[in-house]
Amino acid sequence: PGISQLGIWPPLLHVVMTPAAMVPWLYQSGFAGYVSLVPFFVLSVVLFYRLLLSLFASARIAIFGTLVYMTNPFILYYSATPMMEILLLCFVVSTAYFCVQWIEHGQLRDLLFTGICIALASTARFEGLLLIPVVSAIVALRLVKAKYSYDKIEATLILFWYLAGIGIALLMVYDFVYFNNPLAFLGIGNAPSWNLEHPVHGRDYLERPLMVFLHASYYMFGSVFVWLALISAILVGVLSQKRFLVLSAMSILAIPAFAVIISMASGTSAIYVPEFSALHDFHNVRYALPWAP
(Lines give C-alpha, C1' and ligand atoms only; values in the text may rest on other atoms or scores of the structure.)
Protein backbone atom coordinates (compact mmCIF):
# COMPACT_ATOMS: atom_id res chain seq x y z
CA PRO A 1 0.00 0.00 0.00
CA GLY A 2 1.12 3.50 -0.79
CA ILE A 3 0.05 6.97 -1.89
CA SER A 4 -0.29 5.82 -5.50
CA GLN A 5 -3.42 3.88 -4.51
CA LEU A 6 -5.40 6.98 -3.54
CA GLY A 7 -6.37 7.98 -7.07
CA ILE A 8 -9.15 10.47 -7.85
CA TRP A 9 -11.28 9.72 -4.80
CA PRO A 10 -11.57 12.04 -1.80
CA PRO A 11 -8.80 11.04 0.60
CA LEU A 12 -10.57 10.79 3.98
CA LEU A 13 -11.23 7.04 3.76
CA HIS A 14 -7.54 6.36 3.12
CA VAL A 15 -6.48 8.69 5.92
CA VAL A 16 -8.86 6.96 8.35
CA MET A 17 -7.62 3.48 7.41
CA THR A 18 -3.90 4.32 7.36
CA PRO A 19 -3.14 3.50 11.04
CA ALA A 20 -4.79 0.07 10.78
CA ALA A 21 -3.36 -0.60 7.32
CA MET A 22 0.15 -0.11 8.72
CA VAL A 23 -0.33 -3.35 10.68
CA PRO A 24 0.45 -6.11 8.13
CA TRP A 25 -2.04 -8.74 9.34
CA LEU A 26 -4.86 -6.17 9.54
CA TYR A 27 -4.11 -4.97 6.02
CA GLN A 28 -3.71 -8.44 4.49
CA SER A 29 -6.78 -9.89 6.19
CA GLY A 30 -9.07 -6.95 5.36
CA PHE A 31 -9.74 -6.20 9.01
CA ALA A 32 -8.15 -2.76 8.56
CA GLY A 33 -11.34 -1.55 6.90
CA TYR A 34 -13.52 -3.11 9.59
CA VAL A 35 -11.74 -1.67 12.62
CA SER A 36 -11.49 1.73 10.93
CA LEU A 37 -15.12 2.11 9.84
CA VAL A 38 -17.21 0.42 12.55
CA PRO A 39 -16.60 3.35 14.96
CA PHE A 40 -18.13 5.70 12.34
CA PHE A 41 -21.12 3.36 12.02
CA VAL A 42 -21.56 3.47 15.81
CA LEU A 43 -21.25 7.27 15.82
CA SER A 44 -23.87 7.55 13.06
CA VAL A 45 -26.24 5.32 15.06
CA VAL A 46 -25.82 7.39 18.24
CA LEU A 47 -26.31 10.73 16.44
CA PHE A 48 -29.24 9.40 14.41
CA TYR A 49 -30.96 8.34 17.64
CA ARG A 50 -30.33 11.76 19.19
CA LEU A 51 -31.55 13.47 16.01
CA LEU A 52 -34.85 11.58 16.10
CA LEU A 53 -35.20 12.27 19.81
CA SER A 54 -34.75 16.00 19.14
CA LEU A 55 -37.31 16.02 16.34
CA PHE A 56 -40.07 13.92 17.91
CA ALA A 57 -39.41 13.97 21.69
CA SER A 58 -40.30 10.28 21.80
CA ALA A 59 -37.84 7.60 22.88
CA ARG A 60 -40.01 4.91 21.22
CA ILE A 61 -39.91 6.62 17.82
CA ALA A 62 -36.19 7.30 18.18
CA ILE A 63 -35.41 3.68 19.11
CA PHE A 64 -37.61 2.27 16.33
CA GLY A 65 -36.13 4.55 13.66
CA THR A 66 -32.59 3.84 14.80
CA LEU A 67 -33.19 0.06 14.76
CA VAL A 68 -34.52 0.30 11.20
CA TYR A 69 -31.36 2.17 10.19
CA MET A 70 -28.79 0.05 12.03
CA THR A 71 -30.20 -3.39 11.15
CA ASN A 72 -30.26 -2.84 7.40
CA PRO A 73 -27.95 -5.60 6.09
CA PHE A 74 -26.29 -3.29 3.57
CA ILE A 75 -25.57 -0.68 6.24
CA LEU A 76 -23.91 -3.42 8.29
CA TYR A 77 -22.07 -4.80 5.25
CA TYR A 78 -20.59 -1.46 4.19
CA SER A 79 -19.68 -0.68 7.80
CA ALA A 80 -17.33 -3.66 7.66
CA THR A 81 -16.07 -3.02 4.12
CA PRO A 82 -13.45 -0.40 3.16
CA MET A 83 -15.85 1.79 1.16
CA MET A 84 -16.78 5.47 1.54
CA GLU A 85 -20.55 5.22 2.04
CA ILE A 86 -20.55 4.84 5.84
CA LEU A 87 -18.17 7.78 6.25
CA LEU A 88 -20.53 9.91 4.16
CA LEU A 89 -23.59 8.68 6.06
CA CYS A 90 -21.94 9.39 9.39
CA PHE A 91 -21.12 12.98 8.53
CA VAL A 92 -24.45 13.65 6.80
CA VAL A 93 -26.29 12.43 9.90
CA SER A 94 -23.99 14.47 12.16
CA THR A 95 -24.56 17.54 9.96
CA ALA A 96 -28.32 17.11 10.31
CA TYR A 97 -28.04 16.62 14.07
CA PHE A 98 -25.89 19.66 14.81
CA CYS A 99 -27.85 21.84 12.37
CA VAL A 100 -31.12 20.91 14.11
CA GLN A 101 -29.52 21.64 17.49
CA TRP A 102 -28.41 25.07 16.27
CA ILE A 103 -31.83 25.89 14.80
CA GLU A 104 -33.58 24.89 18.02
CA HIS A 105 -31.20 26.34 20.62
CA GLY A 106 -29.16 28.96 18.75
CA GLN A 107 -25.81 27.92 20.25
CA LEU A 108 -22.94 29.03 17.99
CA ARG A 109 -20.89 25.92 18.79
CA ASP A 110 -23.55 23.73 17.13
CA LEU A 111 -23.28 25.76 13.93
CA LEU A 112 -19.48 25.43 14.05
CA PHE A 113 -19.79 21.66 14.47
CA THR A 114 -22.17 21.67 11.50
CA GLY A 115 -19.52 23.33 9.35
CA ILE A 116 -16.84 20.86 10.47
CA CYS A 117 -19.10 17.89 9.68
CA ILE A 118 -19.75 19.30 6.18
CA ALA A 119 -16.00 19.66 5.62
CA LEU A 120 -15.48 16.02 6.64
CA ALA A 121 -18.39 14.87 4.44
CA SER A 122 -16.82 16.70 1.48
CA THR A 123 -13.57 14.78 1.93
CA ALA A 124 -15.45 11.48 2.36
CA ARG A 125 -17.41 11.55 -0.92
CA PHE A 126 -18.02 14.25 -3.49
CA GLU A 127 -21.76 14.23 -2.67
CA GLY A 128 -20.82 15.98 0.57
CA LEU A 129 -20.07 19.16 -1.39
CA LEU A 130 -23.81 19.67 -1.94
CA LEU A 131 -24.28 20.09 1.79
CA ILE A 132 -22.70 23.55 1.59
CA PRO A 133 -25.38 25.32 -0.51
CA VAL A 134 -28.30 23.44 1.08
CA VAL A 135 -27.25 24.02 4.69
CA SER A 136 -26.28 27.62 3.85
CA ALA A 137 -29.86 28.20 2.67
CA ILE A 138 -31.24 26.63 5.87
CA VAL A 139 -28.94 28.76 8.05
CA ALA A 140 -29.81 31.97 6.16
CA LEU A 141 -33.55 31.24 6.43
CA ARG A 142 -33.24 30.58 10.17
CA LEU A 143 -31.35 33.87 10.67
CA VAL A 144 -33.91 35.84 8.65
CA LYS A 145 -36.80 34.24 10.55
CA ALA A 146 -35.11 35.24 13.81
CA LYS A 147 -34.98 38.84 12.47
CA TYR A 148 -31.22 39.20 12.93
CA SER A 149 -29.55 42.30 11.57
CA TYR A 150 -27.83 42.13 8.19
CA ASP A 151 -24.41 42.44 9.82
CA LYS A 152 -25.05 39.48 12.11
CA ILE A 153 -26.42 37.35 9.26
CA GLU A 154 -23.36 38.14 7.15
CA ALA A 155 -20.90 37.46 9.98
CA THR A 156 -22.60 34.17 10.94
CA LEU A 157 -22.64 32.88 7.36
CA ILE A 158 -19.01 33.81 6.77
CA LEU A 159 -17.96 32.03 9.96
CA PHE A 160 -19.96 28.97 8.88
CA TRP A 161 -18.44 29.05 5.37
CA TYR A 162 -14.92 29.24 6.76
CA LEU A 163 -15.38 25.83 8.39
CA ALA A 164 -17.62 24.21 5.78
CA GLY A 165 -15.19 25.31 3.05
CA ILE A 166 -12.25 23.51 4.62
CA GLY A 167 -13.34 20.39 2.72
CA ILE A 168 -13.08 22.21 -0.61
CA ALA A 169 -9.69 23.63 0.36
CA LEU A 170 -8.38 20.17 1.27
CA LEU A 171 -9.66 18.70 -2.00
CA MET A 172 -7.94 21.49 -3.92
CA VAL A 173 -4.63 20.91 -2.12
CA TYR A 174 -4.93 17.15 -2.63
CA ASP A 175 -5.72 17.51 -6.34
CA PHE A 176 -2.90 20.01 -6.82
CA VAL A 177 -0.40 17.54 -5.33
CA TYR A 178 -1.85 14.51 -7.05
CA PHE A 179 -2.93 15.89 -10.46
CA ASN A 180 -1.17 19.28 -10.60
CA ASN A 181 -4.69 20.75 -10.96
CA PRO A 182 -6.46 22.07 -7.84
CA LEU A 183 -9.85 21.87 -9.56
CA ALA A 184 -9.52 18.30 -10.83
CA PHE A 185 -12.32 17.14 -8.53
CA LEU A 186 -14.80 19.21 -10.57
CA GLY A 187 -14.25 16.89 -13.53
CA ILE A 188 -15.08 13.67 -11.68
CA GLY A 189 -17.02 11.31 -13.92
CA ASN A 190 -16.09 12.96 -17.22
CA ALA A 191 -14.02 9.99 -18.38
CA PRO A 192 -15.91 7.98 -21.07
CA SER A 193 -15.58 4.78 -19.03
CA TRP A 194 -17.75 6.34 -16.33
CA ASN A 195 -20.65 7.35 -18.52
CA LEU A 196 -23.87 5.54 -19.30
CA GLU A 197 -23.70 3.59 -22.56
CA HIS A 198 -26.93 5.28 -23.63
CA PRO A 199 -26.90 8.95 -22.55
CA VAL A 200 -30.24 10.31 -21.35
CA HIS A 201 -31.94 13.13 -23.21
CA GLY A 202 -35.26 14.94 -23.28
CA ARG A 203 -38.03 13.40 -21.21
CA ASP A 204 -35.70 10.58 -20.08
CA TYR A 205 -33.29 13.09 -18.54
CA LEU A 206 -34.95 12.73 -15.13
CA GLU A 207 -37.42 9.92 -15.67
CA ARG A 208 -34.88 7.20 -16.36
CA PRO A 209 -32.48 8.09 -13.52
CA LEU A 210 -35.42 8.28 -11.07
CA MET A 211 -36.69 4.86 -12.15
CA VAL A 212 -33.23 3.28 -11.96
CA PHE A 213 -32.65 4.83 -8.54
CA LEU A 214 -36.08 3.64 -7.37
CA HIS A 215 -35.39 0.05 -8.44
CA ALA A 216 -31.93 0.13 -6.90
CA SER A 217 -33.63 1.26 -3.69
CA TYR A 218 -36.06 -1.67 -3.97
CA TYR A 219 -33.04 -3.94 -4.05
CA MET A 220 -31.39 -2.27 -1.06
CA PHE A 221 -34.47 -1.92 1.17
CA GLY A 222 -37.45 -3.72 -0.35
CA SER A 223 -40.24 -1.97 -2.30
CA VAL A 224 -42.73 -1.97 0.60
CA PHE A 225 -40.30 -0.24 2.93
CA VAL A 226 -39.27 2.29 0.26
CA TRP A 227 -42.86 3.46 -0.25
CA LEU A 228 -43.67 3.30 3.46
CA ALA A 229 -40.64 5.52 4.14
CA LEU A 230 -41.53 8.02 1.39
CA ILE A 231 -45.18 8.31 2.45
CA SER A 232 -44.20 8.61 6.11
CA ALA A 233 -41.67 11.33 5.30
CA ILE A 234 -44.34 13.36 3.48
CA LEU A 235 -46.84 12.97 6.33
CA VAL A 236 -44.27 13.88 8.97
CA GLY A 237 -43.15 16.91 6.98
CA VAL A 238 -46.73 18.15 6.69
CA LEU A 239 -48.07 17.28 10.14
CA SER A 240 -45.10 17.78 12.46
CA GLN A 241 -45.31 20.58 15.01
CA LYS A 242 -41.59 21.17 14.43
CA ARG A 243 -42.02 21.45 10.68
CA PHE A 244 -39.01 23.66 9.98
CA LEU A 245 -36.74 21.37 12.02
CA VAL A 246 -38.07 18.21 10.39
CA LEU A 247 -37.90 19.57 6.84
CA SER A 248 -34.37 20.88 7.44
CA ALA A 249 -33.22 17.49 8.74
CA MET A 250 -34.87 15.61 5.87
CA SER A 251 -33.40 18.02 3.31
CA ILE A 252 -29.91 17.34 4.64
CA LEU A 253 -30.38 13.57 4.89
CA ALA A 254 -31.74 13.41 1.32
CA ILE A 255 -28.82 15.28 -0.28
CA PRO A 256 -26.75 12.16 -1.13
CA ALA A 257 -29.75 10.65 -2.92
CA PHE A 258 -30.32 13.80 -4.97
CA ALA A 259 -26.61 13.93 -5.78
CA VAL A 260 -26.73 10.41 -7.23
CA ILE A 261 -29.82 11.21 -9.31
CA ILE A 262 -28.20 14.40 -10.64
CA SER A 263 -25.02 12.53 -11.57
CA MET A 264 -27.03 9.88 -13.40
CA ALA A 265 -29.06 12.50 -15.24
CA SER A 266 -25.85 14.20 -16.37
CA GLY A 267 -24.42 10.86 -17.52
CA THR A 268 -21.56 10.78 -15.03
CA SER A 269 -22.73 7.88 -12.88
CA ALA A 270 -24.73 4.72 -13.24
CA ILE A 271 -26.77 2.44 -11.01
CA TYR A 272 -27.59 -0.96 -12.42
CA VAL A 273 -29.67 -3.77 -10.93
CA PRO A 274 -30.40 -7.17 -12.51
CA GLU A 275 -34.13 -6.51 -13.01
CA PHE A 276 -33.78 -3.00 -14.38
CA SER A 277 -30.72 -2.40 -16.46
CA ALA A 278 -30.27 -1.67 -20.13
CA LEU A 279 -26.86 -3.33 -19.88
CA HIS A 280 -27.98 -6.23 -17.64
CA ASP A 281 -25.08 -5.40 -15.38
CA PHE A 282 -24.91 -5.51 -11.59
CA HIS A 283 -22.85 -2.44 -10.83
CA ASN A 284 -22.79 0.30 -8.17
CA VAL A 285 -26.18 -0.55 -6.69
CA ARG A 286 -24.75 0.70 -3.39
CA TYR A 287 -25.31 4.26 -4.66
CA ALA A 288 -28.92 3.80 -3.50
CA LEU A 289 -27.64 3.30 0.07
CA PRO A 290 -26.91 6.92 1.21
CA TRP A 291 -30.57 7.82 1.61
CA ALA A 292 -31.08 5.08 4.23
CA PRO A 293 -31.56 7.57 7.09
# chains A, B, ... in the order shown; residues from 1 in each chain; ligands from 1
>>> select_by_dssp(residues="range 78-229 of chain A", states="alpha helix (DSSP H)", output="PyMOL selection string")
chain A and resi 78-79+85-105+108-122+131-145+150-164+166-179+204-221+223-229
>>> closest_residue(among="A:Met220, A:Met250, A:Met172, A:Met211", to="Ile75 in chain A", atoms="only C-alpha atoms")
A:Met220
>>> atom_distance(atom1="CA of Gly237 in chain A", atom2="CA of Ile158 in chain A")
29.5 Å
>>> closest_residue(among="A:His105, A:Arg50, A:Arg125, A:His14", to="Ile168 in chain A", atoms="only C-alpha atoms")
A:Arg125
>>> closest_residue(among="A:Gln101, A:Thr71, A:Thr123, A:Gln107", to="Leu88 in chain A", atoms="only C-alpha atoms")
A:Thr123
>>> residues_around(residues="Leu89 in chain A", least_positions_apart="4", cutoff="10 Å", atoms="only C-alpha atoms", output="mmCIF file with all heavy atoms, in the first residue's frame")
data_model
loop_
_atom_site.group_PDB
_atom_site.id
_atom_site.type_symbol
_atom_site.label_atom_id
_atom_site.label_comp_id
_atom_site.auth_asym_id
_atom_site.auth_seq_id
_atom_site.Cartn_x
_atom_site.Cartn_y
_atom_site.Cartn_z
ATOM 1 N N PHE A 40 -17.309 4.686 13.012
ATOM 2 C CA PHE A 40 -18.128 5.699 12.342
ATOM 3 C C PHE A 40 -19.573 5.223 12.211
ATOM 4 O O PHE A 40 -20.510 6.028 12.289
ATOM 5 C CB PHE A 40 -17.537 6.030 10.972
ATOM 6 C CG PHE A 40 -16.234 6.760 11.049
ATOM 7 C CD1 PHE A 40 -15.027 6.074 11.001
ATOM 8 C CD2 PHE A 40 -16.201 8.141 11.212
ATOM 9 C CE1 PHE A 40 -13.820 6.747 11.091
ATOM 10 C CE2 PHE A 40 -14.998 8.823 11.304
ATOM 11 C CZ PHE A 40 -13.804 8.121 11.249
ATOM 12 N N PHE A 41 -19.761 3.920 12.013
ATOM 13 C CA PHE A 41 -21.117 3.364 12.021
ATOM 14 C C PHE A 41 -21.770 3.581 13.381
ATOM 15 O O PHE A 41 -22.918 4.022 13.475
ATOM 16 C CB PHE A 41 -21.060 1.869 11.676
ATOM 17 C CG PHE A 41 -22.317 1.125 12.029
ATOM 18 C CD1 PHE A 41 -23.485 1.333 11.322
ATOM 19 C CD2 PHE A 41 -22.320 0.209 13.070
ATOM 20 C CE1 PHE A 41 -24.652 0.644 11.650
ATOM 21 C CE2 PHE A 41 -23.466 -0.488 13.401
ATOM 22 C CZ PHE A 41 -24.639 -0.264 12.695
ATOM 23 N N SER A 44 -22.680 7.197 13.833
ATOM 24 C CA SER A 44 -23.874 7.552 13.058
ATOM 25 C C SER A 44 -25.139 7.055 13.743
ATOM 26 O O SER A 44 -26.170 7.735 13.729
ATOM 27 C CB SER A 44 -23.772 7.002 11.632
ATOM 28 O OG SER A 44 -23.955 5.595 11.597
ATOM 29 N N VAL A 45 -25.087 5.869 14.355
ATOM 30 C CA VAL A 45 -26.244 5.320 15.063
ATOM 31 C C VAL A 45 -26.602 6.199 16.262
ATOM 32 O O VAL A 45 -27.772 6.548 16.474
ATOM 33 C CB VAL A 45 -25.964 3.871 15.524
ATOM 34 C CG1 VAL A 45 -27.040 3.396 16.502
ATOM 35 C CG2 VAL A 45 -25.907 2.942 14.322
ATOM 36 N N ILE A 75 -26.241 -1.594 5.325
ATOM 37 C CA ILE A 75 -25.567 -0.676 6.245
ATOM 38 C C ILE A 75 -24.494 -1.438 7.019
ATOM 39 O O ILE A 75 -23.351 -0.988 7.157
ATOM 40 C CB ILE A 75 -26.571 -0.040 7.216
ATOM 41 C CG1 ILE A 75 -27.506 0.921 6.478
ATOM 42 C CG2 ILE A 75 -25.848 0.683 8.359
ATOM 43 C CD1 ILE A 75 -26.874 2.232 6.099
ATOM 44 N N MET A 84 -16.601 4.108 1.028
ATOM 45 C CA MET A 84 -16.780 5.466 1.536
ATOM 46 C C MET A 84 -18.190 5.773 2.035
ATOM 47 O O MET A 84 -18.403 6.803 2.669
ATOM 48 C CB MET A 84 -16.428 6.460 0.434
ATOM 49 C CG MET A 84 -14.961 6.395 0.010
ATOM 50 S SD MET A 84 -14.594 7.485 -1.383
ATOM 51 C CE MET A 84 -15.299 6.568 -2.745
ATOM 52 N N GLU A 85 -19.151 4.893 1.761
ATOM 53 C CA GLU A 85 -20.546 5.224 2.045
ATOM 54 C C GLU A 85 -20.818 5.488 3.523
ATOM 55 O O GLU A 85 -21.557 6.411 3.876
ATOM 56 C CB GLU A 85 -21.467 4.105 1.528
ATOM 57 C CG GLU A 85 -21.776 4.171 0.050
ATOM 58 C CD GLU A 85 -20.599 3.775 -0.833
ATOM 59 O OE1 GLU A 85 -19.655 3.135 -0.319
ATOM 60 O OE2 GLU A 85 -20.626 4.092 -2.027
ATOM 61 N N VAL A 93 -25.450 12.514 8.702
ATOM 62 C CA VAL A 93 -26.295 12.429 9.900
ATOM 63 C C VAL A 93 -25.828 13.433 10.953
ATOM 64 O O VAL A 93 -26.641 14.129 11.580
ATOM 65 C CB VAL A 93 -26.289 10.997 10.480
ATOM 66 C CG1 VAL A 93 -26.943 10.967 11.859
ATOM 67 C CG2 VAL A 93 -27.011 10.040 9.546
ATOM 68 N N SER A 94 -24.514 13.528 11.159
ATOM 69 C CA SER A 94 -23.994 14.468 12.157
ATOM 70 C C SER A 94 -24.268 15.910 11.743
ATOM 71 O O SER A 94 -24.559 16.767 12.586
ATOM 72 C CB SER A 94 -22.496 14.237 12.380
ATOM 73 O OG SER A 94 -21.762 14.401 11.177
ATOM 74 N N THR A 95 -24.208 16.202 10.436
ATOM 75 C CA THR A 95 -24.560 17.541 9.956
ATOM 76 C C THR A 95 -26.010 17.858 10.281
ATOM 77 O O THR A 95 -26.332 18.951 10.772
ATOM 78 C CB THR A 95 -24.330 17.650 8.435
ATOM 79 O OG1 THR A 95 -22.939 17.480 8.138
ATOM 80 C CG2 THR A 95 -24.787 19.006 7.906
ATOM 81 N N ALA A 121 -17.567 15.549 5.455
ATOM 82 C CA ALA A 121 -18.388 14.865 4.441
ATOM 83 C C ALA A 121 -17.840 15.120 3.040
ATOM 84 O O ALA A 121 -17.842 14.228 2.185
ATOM 85 C CB ALA A 121 -19.836 15.334 4.542
ATOM 86 N N ALA A 124 -15.080 12.901 2.328
ATOM 87 C CA ALA A 124 -15.448 11.483 2.361
ATOM 88 C C ALA A 124 -15.962 11.025 1.004
ATOM 89 O O ALA A 124 -15.531 10.005 0.460
ATOM 90 C CB ALA A 124 -16.507 11.232 3.436
ATOM 91 N N ARG A 125 -16.911 11.784 0.443
ATOM 92 C CA ARG A 125 -17.408 11.547 -0.919
ATOM 93 C C ARG A 125 -17.779 12.890 -1.506
ATOM 94 O O ARG A 125 -18.124 13.823 -0.789
ATOM 95 C CB ARG A 125 -18.630 10.611 -0.918
ATOM 96 C CG ARG A 125 -18.297 9.139 -0.826
ATOM 97 C CD ARG A 125 -19.538 8.273 -1.087
ATOM 98 N NE ARG A 125 -19.990 8.398 -2.456
ATOM 99 C CZ ARG A 125 -19.576 7.615 -3.455
ATOM 100 N NH1 ARG A 125 -18.703 6.659 -3.233
ATOM 101 N NH2 ARG A 125 -20.031 7.776 -4.671
ATOM 102 N N GLY A 128 -20.832 15.098 -0.584
ATOM 103 C CA GLY A 128 -20.816 15.979 0.574
ATOM 104 C C GLY A 128 -20.712 17.449 0.216
ATOM 105 O O GLY A 128 -21.111 18.318 1.006
ATOM 106 N N LEU A 253 -30.539 15.019 5.018
ATOM 107 C CA LEU A 253 -30.383 13.572 4.887
ATOM 108 C C LEU A 253 -30.609 13.094 3.449
ATOM 109 O O LEU A 253 -30.066 12.065 3.037
ATOM 110 C CB LEU A 253 -31.352 12.852 5.824
ATOM 111 C CG LEU A 253 -31.115 13.044 7.322
ATOM 112 C CD1 LEU A 253 -32.221 12.375 8.124
ATOM 113 C CD2 LEU A 253 -29.759 12.493 7.735
ATOM 114 N N PRO A 256 -27.496 13.175 -0.363
ATOM 115 C CA PRO A 256 -26.750 12.164 -1.132
ATOM 116 C C PRO A 256 -27.592 11.486 -2.212
ATOM 117 O O PRO A 256 -27.085 11.190 -3.294
ATOM 118 C CB PRO A 256 -26.317 11.161 -0.052
ATOM 119 C CG PRO A 256 -26.302 11.941 1.209
ATOM 120 C CD PRO A 256 -27.431 12.905 1.089
ATOM 121 N N LEU A 289 -27.736 3.444 -1.388
ATOM 122 C CA LEU A 289 -27.637 3.301 0.066
ATOM 123 C C LEU A 289 -27.671 4.621 0.842
ATOM 124 O O LEU A 289 -28.285 4.687 1.909
ATOM 125 C CB LEU A 289 -26.361 2.535 0.419
ATOM 126 C CG LEU A 289 -26.155 2.166 1.876
ATOM 127 C CD1 LEU A 289 -27.183 1.136 2.313
ATOM 128 C CD2 LEU A 289 -24.750 1.609 2.100
ATOM 129 N N PRO A 290 -27.055 5.729 0.351
ATOM 130 C CA PRO A 290 -26.909 6.916 1.208
ATOM 131 C C PRO A 290 -28.201 7.579 1.632
ATOM 132 O O PRO A 290 -28.167 8.461 2.472
ATOM 133 C CB PRO A 290 -26.069 7.855 0.328
ATOM 134 C CG PRO A 290 -25.295 6.967 -0.551
ATOM 135 C CD PRO A 290 -26.241 5.854 -0.868
ATOM 136 N N TRP A 291 -29.346 7.197 1.106
ATOM 137 C CA TRP A 291 -30.573 7.822 1.611
ATOM 138 C C TRP A 291 -31.249 6.962 2.670
ATOM 139 O O TRP A 291 -32.391 7.226 3.077
ATOM 140 C CB TRP A 291 -31.527 8.163 0.472
ATOM 141 C CG TRP A 291 -32.364 7.066 -0.083
ATOM 142 C CD1 TRP A 291 -31.918 5.912 -0.648
ATOM 143 C CD2 TRP A 291 -33.797 7.028 -0.154
ATOM 144 N NE1 TRP A 291 -32.978 5.140 -1.067
ATOM 145 C CE2 TRP A 291 -34.139 5.802 -0.764
ATOM 146 C CE3 TRP A 291 -34.809 7.892 0.249
ATOM 147 C CZ2 TRP A 291 -35.472 5.426 -1.000
ATOM 148 C CZ3 TRP A 291 -36.122 7.505 0.009
ATOM 149 C CH2 TRP A 291 -36.441 6.291 -0.596
ATOM 150 N N ALA A 292 -30.523 5.952 3.190
ATOM 151 C CA ALA A 292 -31.075 5.081 4.233
ATOM 152 C C ALA A 292 -31.653 5.834 5.440
ATOM 153 O O ALA A 292 -32.717 5.485 5.921
ATOM 154 C CB ALA A 292 -30.012 4.073 4.693
ATOM 155 N N PRO A 293 -30.965 6.878 5.950
ATOM 156 C CA PRO A 293 -31.560 7.574 7.093
ATOM 157 C C PRO A 293 -32.920 8.205 6.795
ATOM 158 O O PRO A 293 -33.742 8.329 7.704
ATOM 159 C CB PRO A 293 -30.530 8.659 7.414
ATOM 160 C CG PRO A 293 -29.252 8.145 6.892
ATOM 161 C CD PRO A 293 -29.618 7.382 5.662
#
>>> closest_residue(among="A:Asp175, A:Leu247, A:Val42, A:Tyr162", to="Ile234 in chain A", atoms="only C-alpha atoms")
A:Leu247
